[in-house]
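A.B. asks: TSV, C-alpha atoms, file my_file_3.tsv:
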chain	number	residue	atom	x	y	z
A	71	MET	CA	0.00	0.00	0.00
A	72	ALA	CA	1.40	3.36	-0.95
A	73	ASN	CA	0.84	6.59	0.89
A	74	VAL	CA	-0.05	9.60	-1.26
A	75	THR	CA	0.20	13.27	-0.29
A	76	VAL	CA	-0.80	16.04	-2.69
A	77	TYR	CA	0.29	19.64	-2.13
A	78	SER	CA	-2.04	21.98	-3.96
A	79	THR	CA	-3.64	25.40	-4.06
A	80	PRO	CA	-7.41	25.90	-4.44
A	81	SER	CA	-7.25	27.78	-7.72
A	82	CYS	CA	-4.82	25.47	-9.48
A	83	GLY	CA	-6.42	23.68	-12.43
A	84	TYR	CA	-3.86	20.89	-12.70
A	85	CYS	CA	-4.19	20.22	-8.96
A	86	LYS	CA	-7.94	19.80	-9.42
A	87	MET	CA	-7.39	17.43	-12.35
A	88	GLU	CA	-4.99	15.30	-10.35
A	89	LYS	CA	-7.24	15.14	-7.29
A	90	GLU	CA	-10.21	14.16	-9.46
A	91	PHE	CA	-8.11	11.53	-11.18
A	92	LEU	CA	-6.97	10.01	-7.86
A	93	ALA	CA	-10.53	10.05	-6.51
A	94	GLU	CA	-11.82	8.42	-9.70
A	95	LYS	CA	-9.27	5.62	-9.29
A	96	GLY	CA	-10.18	5.16	-5.63
A	97	VAL	CA	-6.79	6.26	-4.33
A	98	ASP	CA	-6.76	7.61	-0.76
A	99	PHE	CA	-4.63	10.70	-0.48
A	100	VAL	CA	-3.81	13.46	1.98
A	101	GLU	CA	-4.41	16.92	0.59
A	102	ILE	CA	-2.35	19.86	1.84
A	103	ASP	CA	-3.54	23.33	0.87
A	104	VAL	CA	-0.32	25.33	0.62
A	105	ALA	CA	-2.20	28.58	0.02
A	106	ALA	CA	-3.72	28.33	3.50
A	107	ASP	CA	-0.85	26.57	5.28
A	108	GLN	CA	2.29	28.63	4.87
A	109	GLU	CA	4.42	26.31	6.94
A	110	ALA	CA	3.52	23.42	4.68
A	111	ALA	CA	4.27	25.65	1.69
A	112	ALA	CA	7.76	26.35	3.02
A	113	GLN	CA	8.31	22.63	3.68
A	114	MET	CA	7.20	21.78	0.17
A	115	VAL	CA	9.52	24.37	-1.36
A	116	GLU	CA	12.44	23.10	0.71
A	117	LYS	CA	11.76	19.48	-0.10
A	118	THR	CA	11.35	19.96	-3.84
A	119	GLY	CA	13.56	23.00	-4.39
A	120	GLN	CA	10.81	24.63	-6.40
A	121	MET	CA	7.47	26.42	-6.07
A	122	GLY	CA	5.18	24.74	-8.59
A	123	VAL	CA	2.03	22.82	-7.68
A	124	PRO	CA	0.78	20.17	-7.65
A	125	VAL	CA	3.52	18.27	-5.85
A	126	THR	CA	2.74	14.63	-5.12
A	127	ILE	CA	4.74	12.58	-2.66
A	128	VAL	CA	4.24	8.84	-2.98
A	129	ALA	CA	5.66	6.87	-0.04
A	130	LEU	CA	6.16	3.30	-1.17
A	131	ASP	CA	6.09	0.11	0.91
A	132	ASN	CA	9.81	-0.43	0.60
A	133	GLY	CA	10.48	2.76	2.48
A	134	THR	CA	11.36	4.89	-0.53
A	135	GLU	CA	9.61	8.03	-1.57
A	136	GLU	CA	9.00	9.47	-5.01
A	137	ILE	CA	8.27	13.13	-5.60
A	138	LEU	CA	6.29	14.18	-8.66
A	139	VAL	CA	6.19	17.83	-9.68
A	140	GLY	CA	3.14	18.61	-11.79
A	141	PHE	CA	0.30	16.22	-12.66
A	142	ASP	CA	2.12	13.21	-14.07
A	143	GLN	CA	-0.74	10.84	-14.81
A	144	GLU	CA	1.47	8.19	-16.42
A	145	ARG	CA	3.88	7.95	-13.48
A	146	LEU	CA	1.00	7.81	-10.98
A	147	VAL	CA	-0.53	4.93	-12.94
A	148	GLU	CA	2.85	3.14	-12.83
A	149	LEU	CA	3.65	3.80	-9.16
A	150	LEU	CA	0.20	3.00	-7.83
A	151	ASN	CA	-0.62	0.13	-10.20
A	152	LEU	CA	-3.74	1.81	-11.47
A	153	ALA	CA	-5.77	0.51	-14.41
B	812	MET	CA	-8.42	1.68	-40.49
B	813	TYR	CA	-9.97	4.61	-38.65
B	814	ASP	CA	-12.04	7.32	-40.26
B	815	THR	CA	-10.30	9.98	-38.25
B	816	VAL	CA	-7.69	10.58	-35.56
B	817	ILE	CA	-8.19	13.73	-33.49
B	818	ILE	CA	-5.04	15.10	-31.88
B	819	GLY	CA	-5.35	17.46	-28.92
B	820	GLY	CA	-7.44	17.75	-25.79
B	821	GLY	CA	-8.90	21.24	-25.59
B	822	PRO	CA	-12.26	22.67	-26.69
B	823	ALA	CA	-11.41	22.26	-30.38
B	824	ALA	CA	-10.48	18.60	-30.01
B	825	VAL	CA	-13.45	17.80	-27.79
B	826	ALA	CA	-15.88	19.52	-30.17
B	827	ALA	CA	-14.49	17.44	-33.04
B	828	GLY	CA	-14.65	14.33	-30.86
B	829	VAL	CA	-18.28	14.75	-29.88
B	830	TYR	CA	-19.33	15.39	-33.47
B	831	ALA	CA	-17.24	12.47	-34.74
B	832	ALA	CA	-18.91	10.14	-32.27
B	833	ARG	CA	-22.37	11.35	-33.21
B	834	LYS	CA	-21.56	10.94	-36.92
B	835	GLN	CA	-20.54	7.37	-36.06
B	836	MET	CA	-17.07	7.89	-37.45
B	837	LYS	CA	-14.49	5.32	-36.35
B	838	THR	CA	-12.36	7.65	-34.25
B	839	VAL	CA	-9.29	7.77	-32.05
B	840	PHE	CA	-8.87	10.74	-29.72
B	841	VAL	CA	-5.21	11.30	-28.77
B	842	ALA	CA	-4.32	13.81	-26.05
B	843	ASP	CA	-2.03	14.50	-23.08
B	844	GLN	CA	-4.96	15.67	-21.01
B	845	ILE	CA	-8.52	16.76	-21.63
B	846	GLY	CA	-9.25	20.42	-20.97
B	847	GLY	CA	-6.69	22.45	-22.85
B	848	GLN	CA	-5.23	25.82	-21.98
B	849	SER	CA	-8.26	26.92	-19.98
B	850	VAL	CA	-7.39	24.53	-17.16
B	851	VAL	CA	-5.29	27.28	-15.64
B	852	SER	CA	-7.74	30.10	-16.16
B	853	ASP	CA	-9.40	31.51	-13.04
B	854	GLY	CA	-12.77	32.45	-14.36
B	855	ILE	CA	-13.97	32.47	-17.93
B	856	ALA	CA	-16.70	34.99	-18.62
B	857	ASN	CA	-17.07	34.53	-22.34
B	858	TRP	CA	-17.70	30.80	-22.85
B	859	ILE	CA	-21.14	31.27	-24.32
B	860	GLY	CA	-23.85	29.79	-22.10
B	861	ASP	CA	-21.93	30.33	-18.83
B	862	VAL	CA	-21.91	33.72	-17.11
B	863	LEU	CA	-18.69	32.87	-15.26
B	864	ILE	CA	-17.05	29.47	-15.14
B	865	PRO	CA	-13.72	28.48	-13.55
B	866	GLY	CA	-11.30	27.08	-16.13
B	867	ALA	CA	-10.96	23.83	-14.28
B	868	GLU	CA	-14.74	23.41	-14.36
B	869	LEU	CA	-14.91	24.12	-18.09
B	870	ALA	CA	-12.21	21.49	-18.56
B	871	GLY	CA	-14.25	19.09	-16.44
B	872	ASN	CA	-17.38	19.73	-18.52
B	873	LEU	CA	-15.50	19.14	-21.75
B	874	LYS	CA	-14.15	15.87	-20.40
B	875	LYS	CA	-17.59	14.78	-19.23
B	876	HIS	CA	-19.14	15.54	-22.61
B	877	LEU	CA	-16.47	13.59	-24.45
B	878	MET	CA	-16.63	10.64	-22.04
B	879	GLU	CA	-20.35	10.35	-22.80
B	880	TYR	CA	-19.13	8.78	-26.06
B	881	LYS	CA	-16.36	6.59	-24.63
B	882	ASP	CA	-18.01	3.47	-26.01
B	883	ASP	CA	-18.28	4.97	-29.48
B	884	ILE	CA	-14.76	6.33	-29.94
B	885	THR	CA	-11.33	5.25	-28.73
B	886	ILE	CA	-10.08	7.71	-26.14
B	887	ALA	CA	-6.29	7.45	-26.00
B	888	VAL	CA	-5.42	9.66	-23.02
B	889	PRO	CA	-2.72	10.31	-21.85
B	890	GLU	CA	-0.92	9.70	-25.08
B	891	LYS	CA	1.31	11.88	-27.20
B	892	ALA	CA	1.21	12.03	-31.00
B	893	GLN	CA	4.75	12.05	-32.36
B	894	SER	CA	4.52	11.88	-36.14
B	895	ILE	CA	2.11	11.69	-39.04
B	896	THR	CA	3.06	10.28	-42.44
B	897	ARG	CA	1.09	9.62	-45.60
B	898	ASN	CA	0.83	6.01	-46.76
B	899	ASP	CA	0.83	4.83	-50.38
B	900	ASP	CA	-2.89	4.18	-50.22
B	901	ASP	CA	-3.46	7.84	-49.25
B	902	SER	CA	-4.26	7.01	-45.63
B	903	PHE	CA	-2.17	8.32	-42.75
B	904	LEU	CA	0.04	6.60	-40.22
B	905	ILE	CA	-0.09	8.34	-36.86
B	906	LYS	CA	2.59	7.29	-34.39
B	907	THR	CA	2.23	8.09	-30.71
B	908	ASN	CA	4.42	7.27	-27.71
B	909	LYS	CA	2.29	4.16	-27.17
B	910	ASN	CA	0.61	3.12	-30.42
B	911	GLU	CA	0.31	3.39	-34.16
B	912	TYR	CA	-2.94	4.21	-35.89
B	913	HIS	CA	-3.94	4.10	-39.55
B	914	SER	CA	-6.58	6.60	-40.50
B	915	LYS	CA	-8.25	8.09	-43.58
B	916	THR	CA	-8.13	11.59	-42.11
B	917	VAL	CA	-6.43	13.52	-39.31
B	918	ILE	CA	-7.69	16.48	-37.32
B	919	ILE	CA	-4.98	18.55	-35.68
B	920	THR	CA	-6.25	20.55	-32.71
B	921	THR	CA	-3.15	20.68	-30.56
B	922	GLY	CA	-3.47	24.31	-29.52
B	923	GLY	CA	-0.63	26.42	-28.23
B	924	ARG	CA	1.79	26.62	-25.35
B	925	HIS	CA	3.35	29.47	-23.39
B	926	ARG	CA	5.88	31.54	-25.29
B	927	LYS	CA	9.13	31.87	-23.37
B	928	ILE	CA	11.06	35.14	-23.30
B	929	GLY	CA	14.28	33.30	-24.13
B	930	VAL	CA	16.58	35.10	-21.73
B	931	PRO	CA	19.32	33.83	-19.41
B	932	GLY	CA	17.93	32.57	-16.14
B	933	GLU	CA	14.50	31.72	-17.48
B	934	ASP	CA	15.04	27.96	-17.66
B	935	LEU	CA	17.39	27.83	-14.72
B	936	TYR	CA	14.82	29.37	-12.40
B	937	ASN	CA	11.72	27.67	-13.83
B	938	GLY	CA	9.75	26.71	-10.73
B	939	LYS	CA	12.18	28.63	-8.56
B	940	GLY	CA	10.59	32.00	-9.04
B	941	VAL	CA	9.92	31.90	-12.77
B	942	ALA	CA	6.33	30.81	-13.31
B	943	TYR	CA	3.81	30.58	-16.11
B	944	CYS	CA	0.66	30.07	-14.11
B	945	ALA	CA	-0.47	32.75	-11.69
B	946	THR	CA	-3.68	30.90	-10.83
B	947	CYS	CA	-1.60	27.92	-9.67
B	948	ASP	CA	1.33	29.63	-7.99
B	949	ALA	CA	0.20	33.05	-6.70
B	950	PRO	CA	-0.10	31.83	-3.07
B	951	PHE	CA	3.64	31.14	-2.96
B	952	PHE	CA	4.35	34.81	-3.39
B	953	ARG	CA	2.54	36.05	-0.30
B	954	ASP	CA	4.08	39.35	0.85
B	955	LYS	CA	6.73	39.14	-1.86
B	956	ASP	CA	7.54	41.43	-4.77
B	957	VAL	CA	6.83	39.96	-8.16
B	958	ALA	CA	7.00	40.94	-11.81
B	959	VAL	CA	4.59	40.01	-14.57
B	960	ILE	CA	5.90	40.25	-18.10
B	961	GLY	CA	3.24	40.87	-20.72
B	962	GLY	CA	0.74	43.66	-21.37
B	963	GLY	CA	-2.01	41.55	-22.95
B	964	ASN	CA	-4.93	39.78	-21.27
B	965	SER	CA	-2.95	36.91	-19.75
B	966	GLY	CA	-0.47	39.37	-18.27
B	967	LEU	CA	-3.22	41.56	-16.85
B	968	GLU	CA	-5.11	38.58	-15.47
B	969	SER	CA	-1.95	37.29	-13.82
B	970	VAL	CA	-1.51	40.66	-12.11
B	971	VAL	CA	-5.08	40.41	-10.81
B	972	ASP	CA	-4.39	36.85	-9.55
B	973	LEU	CA	-1.34	38.08	-7.68
B	974	LEU	CA	-2.91	41.14	-6.04
B	975	PRO	CA	-4.41	39.26	-3.05
B	976	TYR	CA	-1.02	37.77	-2.19
B	977	ALA	CA	1.94	39.83	-3.37
B	978	ARG	CA	3.30	42.91	-1.62
B	979	LYS	CA	4.06	44.61	-4.92
B	980	VAL	CA	3.46	43.71	-8.55
B	981	TYR	CA	5.46	45.17	-11.39
B	982	LEU	CA	3.89	44.83	-14.81
B	983	LEU	CA	6.38	45.01	-17.65
B	984	ALA	CA	4.97	45.80	-21.07
B	985	ARG	CA	6.83	46.29	-24.33
B	986	ARG	CA	4.49	48.94	-25.65
B	987	ASP	CA	3.57	52.30	-24.23
B	988	GLU	CA	0.10	51.05	-23.41
B	989	LEU	CA	-1.57	47.87	-22.15
B	990	ARG	CA	-3.40	45.69	-24.63
B	991	GLY	CA	-5.86	43.75	-22.51
B	992	ASP	CA	-9.54	44.27	-21.77
B	993	PRO	CA	-10.41	47.73	-20.38
B	994	ILE	CA	-12.22	46.12	-17.42
B	995	THR	CA	-9.07	44.34	-16.28
B	996	GLN	CA	-6.90	47.36	-17.02
B	997	LYS	CA	-9.03	49.42	-14.64
B	998	THR	CA	-8.56	46.97	-11.76
B	999	ILE	CA	-4.83	47.27	-12.29
B	1000	PHE	CA	-4.73	51.05	-12.61
B	1001	ASP	CA	-6.79	51.32	-9.41
B	1002	SER	CA	-4.46	49.15	-7.33
B	1003	PRO	CA	-1.75	50.86	-5.23
B	1004	LYS	CA	0.28	47.64	-5.33
B	1005	VAL	CA	0.89	47.76	-9.05
B	1006	GLU	CA	3.64	49.61	-10.86
B	1007	ILE	CA	3.50	49.49	-14.64
B	1008	ILE	CA	6.75	49.77	-16.53
B	1009	TYR	CA	6.09	50.56	-20.18
B	1010	LYS	CA	8.46	50.10	-23.11
B	1011	SER	CA	10.46	47.52	-21.20
B	1012	ASN	CA	12.22	44.47	-22.55
B	1013	THR	CA	13.39	41.90	-20.02
B	1014	THR	CA	16.95	40.88	-20.70
B	1015	LYS	CA	17.91	38.65	-17.82
B	1016	ILE	CA	16.53	36.82	-14.80
B	1017	ILE	CA	18.83	36.76	-11.79
B	1018	GLY	CA	18.97	34.72	-8.65
B	1019	LYS	CA	20.82	32.49	-6.25
B	1020	THR	CA	18.94	29.25	-5.49
B	1021	MET	CA	15.72	31.12	-6.24
B	1022	VAL	CA	14.96	34.25	-8.24
B	1023	THR	CA	16.17	37.51	-6.71
B	1024	GLY	CA	15.46	39.87	-9.57
B	1025	LEU	CA	15.43	40.73	-13.21
B	1026	GLN	CA	17.09	43.15	-15.56
B	1027	TYR	CA	15.21	45.04	-18.22
B	1028	GLU	CA	16.05	47.52	-20.91
B	1029	ASN	CA	14.04	50.65	-21.67
B	1030	LEU	CA	13.23	50.34	-25.37
B	1031	ASP	CA	13.57	54.10	-25.93
B	1032	THR	CA	16.62	55.07	-23.90
B	1033	LYS	CA	18.29	51.63	-24.11
B	1034	GLU	CA	19.17	52.05	-20.43
B	1035	SER	CA	19.38	48.94	-18.33
B	1036	HIS	CA	17.49	48.73	-15.05
B	1037	ASP	CA	17.37	46.21	-12.22
B	1038	LEU	CA	14.27	45.11	-10.38
B	1039	GLU	CA	14.38	43.21	-7.11
B	1040	VAL	CA	11.65	40.57	-7.27
B	1041	GLN	CA	11.18	37.03	-6.00
B	1042	GLY	CA	8.79	35.98	-8.72
B	1043	VAL	CA	8.64	36.44	-12.49
B	1044	PHE	CA	5.48	35.48	-14.34
B	1045	VAL	CA	5.92	35.18	-18.09
B	1046	GLU	CA	2.71	35.92	-20.01
B	1047	ILE	CA	3.74	36.97	-23.50
B	1048	GLY	CA	1.46	34.95	-25.69
B	1049	SER	CA	1.60	31.49	-27.15
B	1050	VAL	CA	3.43	29.34	-29.64
B	1051	PRO	CA	1.49	26.82	-31.76
B	1052	ASN	CA	2.04	23.11	-31.02
B	1053	SER	CA	2.78	22.32	-34.64
B	1054	ASP	CA	6.38	21.11	-34.34
B	1055	PHE	CA	5.47	17.50	-35.02
B	1056	VAL	CA	3.72	18.28	-38.34
B	1057	GLN	CA	5.93	20.95	-39.87
B	1058	ASP	CA	6.97	18.51	-42.62
B	1059	LEU	CA	3.40	17.41	-43.27
B	1060	VAL	CA	1.48	20.66	-43.64
B	1061	THR	CA	2.24	24.23	-44.64
B	1062	CYS	CA	2.77	26.54	-41.69
B	1063	ASN	CA	3.21	30.31	-41.69
B	1064	GLU	CA	6.19	32.23	-40.32
B	1065	ARG	CA	4.76	31.96	-36.80
B	1066	GLY	CA	4.55	28.16	-37.08
B	1067	GLU	CA	0.75	28.24	-37.29
B	1068	ILE	CA	-0.86	25.67	-39.58
B	1069	VAL	CA	-2.29	27.40	-42.63
B	1070	VAL	CA	-5.92	26.37	-43.18
B	1071	ASP	CA	-8.70	27.10	-45.63
B	1072	HIS	CA	-11.06	29.16	-43.53
B	1073	ARG	CA	-14.16	27.62	-45.08
B	1074	THR	CA	-13.29	23.93	-44.84
B	1075	PHE	CA	-10.37	23.96	-42.37
B	1076	ALA	CA	-8.41	21.75	-44.73
B	1077	THR	CA	-4.63	22.06	-44.53
B	1078	SER	CA	-2.22	21.87	-47.46
B	1079	GLN	CA	-2.24	18.07	-47.08
B	1080	ARG	CA	-5.36	16.41	-48.53
B	1081	GLY	CA	-7.19	14.56	-45.75
B	1082	VAL	CA	-5.59	16.54	-42.93
B	1083	PHE	CA	-7.67	19.23	-41.23
B	1084	ALA	CA	-6.85	21.59	-38.37
B	1085	ALA	CA	-8.57	24.08	-36.09
B	1086	GLY	CA	-8.04	26.26	-33.03
B	1087	ASP	CA	-4.93	27.97	-31.68
B	1088	VAL	CA	-2.55	25.75	-33.67
B	1089	THR	CA	-3.84	27.31	-36.91
B	1090	ASP	CA	-3.55	30.73	-38.53
B	1091	GLU	CA	-7.04	31.59	-37.30
B	1092	LEU	CA	-6.93	35.28	-36.39
B	1093	TYR	CA	-8.77	35.02	-33.10
B	1094	LYS	CA	-7.59	32.60	-30.44
B	1095	GLN	CA	-10.74	31.97	-28.45
B	1096	ASN	CA	-12.37	28.87	-26.90
B	1097	ASN	CA	-15.69	29.46	-28.66
B	1098	ILE	CA	-14.00	29.93	-32.02
B	1099	ALA	CA	-11.75	26.90	-31.58
B	1100	ALA	CA	-14.77	24.71	-30.90
B	1101	GLY	CA	-16.75	26.10	-33.83
B	1102	ASP	CA	-13.87	25.79	-36.29
B	1103	ALA	CA	-13.08	22.25	-35.14
B	1104	ILE	CA	-16.64	21.22	-35.93
B	1105	LYS	CA	-16.21	22.59	-39.44
B	1106	ALA	CA	-12.95	20.63	-39.71
B	1107	LEU	CA	-14.68	17.47	-38.54
B	1108	LEU	CA	-17.60	17.86	-40.94
B	1109	SER	CA	-15.11	18.43	-43.76
B	1110	ALA	CA	-13.30	15.25	-42.74
B	1111	TYR	CA	-16.63	13.42	-42.70
B	1112	GLN	CA	-17.42	14.61	-46.26
B	1113	TYR	CA	-13.93	13.58	-47.35
B	1114	VAL	CA	-14.41	10.05	-45.98
B	1115	GLN	CA	-17.89	9.76	-47.52
B	1116	LYS	CA	-16.65	10.84	-50.97
B	1117	ALA	CA	-13.70	8.46	-50.89
B	1118	ALA	CA	-15.94	5.55	-49.95
Since I need it in another form, could you write the structure as structure tokens?
C.D. replies:
Amino acid sequence: MANVTVYSTPSCGYCKMEKEFLAEKGVDFVEIDVAADQEAAAQMVEKTGQMGVPVTIVALDNGTEEILVGFDQERLVELLNLA
Amino acid sequence: MYDTVIIGGGPAAVAAGVYAARKQMKTVFVADQIGGQSVVSDGIANWIGDVLIPGAELAGNLKKHLMEYKDDITIAVPEKAQSITRNDDDSFLIKTNKNEYHSKTVIITTGGRHRKIGVPGEDLYNGKGVAYCATCDAPFFRDKDVAVIGGGNSGLESVVDLLPYARKVYLLARRDELRGDPITQKTIFDSPKVEIIYKSNTTKIIGKTMVTGLQYENLDTKESHDLEVQGVFVEIGSVPNSDFVQDLVTCNERGEIVVDHRTFATSQRGVFAAGDVTDELYKQNNIAAGDAIKALLSAYQYVQKAA
């Protein structure tokens, strides 16, 4: 089971697309609104070295973590074994 | 053998897709995503039928309408068209990153992408202060000073998106006047946070790990000036996504596909195009959809005649 966290802002179109896609595929994810939560925003910027959203962090079973910047549908399908 | 392959995912492509399905044409719809450039637009007030609709919602509606026909047409998303070649039997071979399709006709509705300024620092700081989507990224610039480059509607709208967050917004325009809608111009003129710098040409984006400023040249005096900003939003228009078909169809000096404005046929028999990727004068959602329908109906006639 993978753990999925999505950093997004309310007005971001690609963030909305990704969240809808994950919901459609029945993937549970934690959503962090970096417009409202400035501390989380700073953490996100530090972790990824950049300011674009969405940022998706997928924590895999084997202990590794993959960070996706932007809505990368193909990689999400691969990482999460989605149809 | 398909009747048509539609390439693109915005309003033009979706319009063609819906009509193709309803005409019972054997169709493949190839796109990166469904929604198009409007996905990043805050609020669209001129999509006829909707007083004000968020871009993401318009994209969602387009997707929903297309998916209504998912059993009638092949929806190949996300997939990227890479090349189109003509076969000996006059049909076309469309290669994507995942598949190959043979089709009697092709409809190119790949739209446009952000034009880059092409100055040092722009690529280096992409995502580190240089941004192309104010609706997405404005919240990161809370209490910071930012610059928006571009005096047309996208530039003006980006300024408006940044006003609730930024401490100060510089708007750099090449001309001595702004080009966008008067309504948006007024919001900007009325804001104490905005400083408009006319006749400016950005020459360099500067920073350390993130952007710290930019350099611009005054187009009259040729003097160089420095601006201290932590964000640079580039909104200077778009470039047509026609790179993959430049050998197939005639394009103009801007790279736009040249089309017959009655039939939307390109210079290649059997290939049609519509929307922002073409030399259509007006780049608008409503127009892209309307023109794509003409392109599709022309493709339909073409297939019927050849039969």
A.B. asks: Do you have, as a tab-separated table, the list of residues of chain A lying at most 6 Å from chain B, each with its nearest atom pair and that distance in Å to one decimal, counting only C-alpha atoms and ordered by chain then number?
C.D. replies:
residue	atom	partner	partner_atom	distance
A:Ser81	CA	B:Thr946	CA	5.7
A:Cys82	CA	B:Cys947	CA	4.1
A:Gly83	CA	B:Val850	CA	4.9
A:Ala105	CA	B:Pro950	CA	5.0
A:Gln120	CA	B:Lys939	CA	4.7
A:Met121	CA	B:Gly938	CA	5.2
A:Gly122	CA	B:Gly938	CA	5.4
A.B. asks: Show which residues sit within 12 Å of A:Val139, as a ChimeraX atom specification. Count all atoms listed in the file, and ignore same-chain residues fewer than 5 positions away.
C.D. replies: /A:76-78,84-85,88,114-115,117-128,145-146 /B:938
A.B. asks: So what do you get for atom CA of B:Leu1038 versus atom CA of B:Tyr981, distance-wise?
C.D. replies: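 A separation of 8.9 Å between them.
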A.B. asks: In Å, with one decimal, what is the gap from atom CA of A:Glu94 to atom CA of B:Ala1103?
C.D. replies: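 Value for the atom CA of A:Glu94-atom CA of B:Ala1103 distance: 29.0 Å.
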A.B. asks: Give the answer as one residue: which of B:Asp900, B:Ala977, B:Arg985, B:Thr1089 has the shortest atom-to-atom distance to B:Glu1028, using only C-alpha atoms?
C.D. replies: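 Checking each candidate against B:Glu1028, we get B:Arg985 as the closest.
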A.B. asks: Hey, what's within 10 Å of B:Ser1035 if we count all atoms listed in the file and toss same-chain stuff fewer than 3 positions away? As a PyMOL selection string, please?
C.D. replies: chain B and resi 1011-1014+1026-1030+1032
A.B. asks: Mind giving me the straight-line distance from atom CA of B:Gln1057 to atom CA of B:Ala1117 in Å, one decimal?
C.D. replies: 25.7 Å
A.B. asks: Can you tell me, as a PyMOL selection string, what residues are no more than 8 Å from B:Phe1083 when counting all atoms listed in the file, ignoring any on the same chain fewer than 4 positions away?
C.D. replies: chain B and resi 916-919+1070+1075-1077+1106-1107+1109-1110
A.B. asks: Need the axis-aligned box for stretch 120-127 of chain A with 6 Å each side, so what are the centre and edges in Å to one decimal, as JSON?
C.D. replies:
{"center_x": 5.8, "center_y": 19.5, "center_z": -5.6, "size_x": 22.0, "size_y": 25.8, "size_z": 17.9}
A.B. asks: Which residue gives the smallest distance to B:Gln1112 among B:Met836, B:Ala1100, B:Ile1068, B:Leu967, with all atoms listed in the file counted?
C.D. replies: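 Among the listed residues, the smallest separation from B:Gln1112 belongs to B:Met836.
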A.B. asks: May I have the residues at most 8 Å from (14.4, 44.3, -7.1) in the file's coordinates, counting only C-alpha atoms, as a PDB file with C-alpha atoms, keeping the file's coordinate frame?
C.D. replies:
ATOM      1  CA  ASP B 956       7.540  41.430  -4.770  1.00  0.00           C
ATOM      2  CA  THR B1023      16.170  37.510  -6.710  1.00  0.00           C
ATOM      3  CA  GLY B1024      15.460  39.870  -9.570  1.00  0.00           C
ATOM      4  CA  LEU B1025      15.430  40.730 -13.210  1.00  0.00           C
ATOM      5  CA  ASP B1037      17.370  46.210 -12.220  1.00  0.00           C
ATOM      6  CA  LEU B1038      14.270  45.110 -10.380  1.00  0.00           C
ATOM      7  CA  GLU B1039      14.380  43.210  -7.110  1.00  0.00           C
ATOM      8  CA  VAL B1040      11.650  40.570  -7.270  1.00  0.00           C
TER       9      VAL B1040
END
A.B. asks: Could you pull the residues within 12 Å of B:Lys1004, counting all atoms listed in the file, minus those fewer than 4 positions along the same chain, as a PyMOL selection string?
C.D. replies: chain B and resi 954-958+970-971+973-982+998-1000
A.B. asks: Write out as a ChimeraX atom specification each polymer residue whose atoms come within 10 Å of B:Lys909, counting all atoms listed in the file; drop sequence neighbours fewer than 3 positions from it.
C.D. replies: /B:887,889-893,906
A.B. asks: Around (5.2, 38.6, -17.6) in the file's own coordinates, what residues are found within 6 Å if you use all atoms listed in the file, given back as a PyMOL selection string?
C.D. replies: chain B and resi 959-961+966+1044-1046
A.B. asks: With C-alpha atoms retained, write the just-selected residues as a compact mmCIF listing (two decimals), in the coordinates of the input.
C.D. replies:
# COMPACT_ATOMS: atom_id res chain seq x y z
CA VAL B 959 4.59 40.01 -14.57
CA ILE B 960 5.90 40.25 -18.10
CA GLY B 961 3.24 40.87 -20.72
CA GLY B 966 -0.47 39.37 -18.27
CA PHE B 1044 5.48 35.48 -14.34
CA VAL B 1045 5.92 35.18 -18.09
CA GLU B 1046 2.71 35.92 -20.01
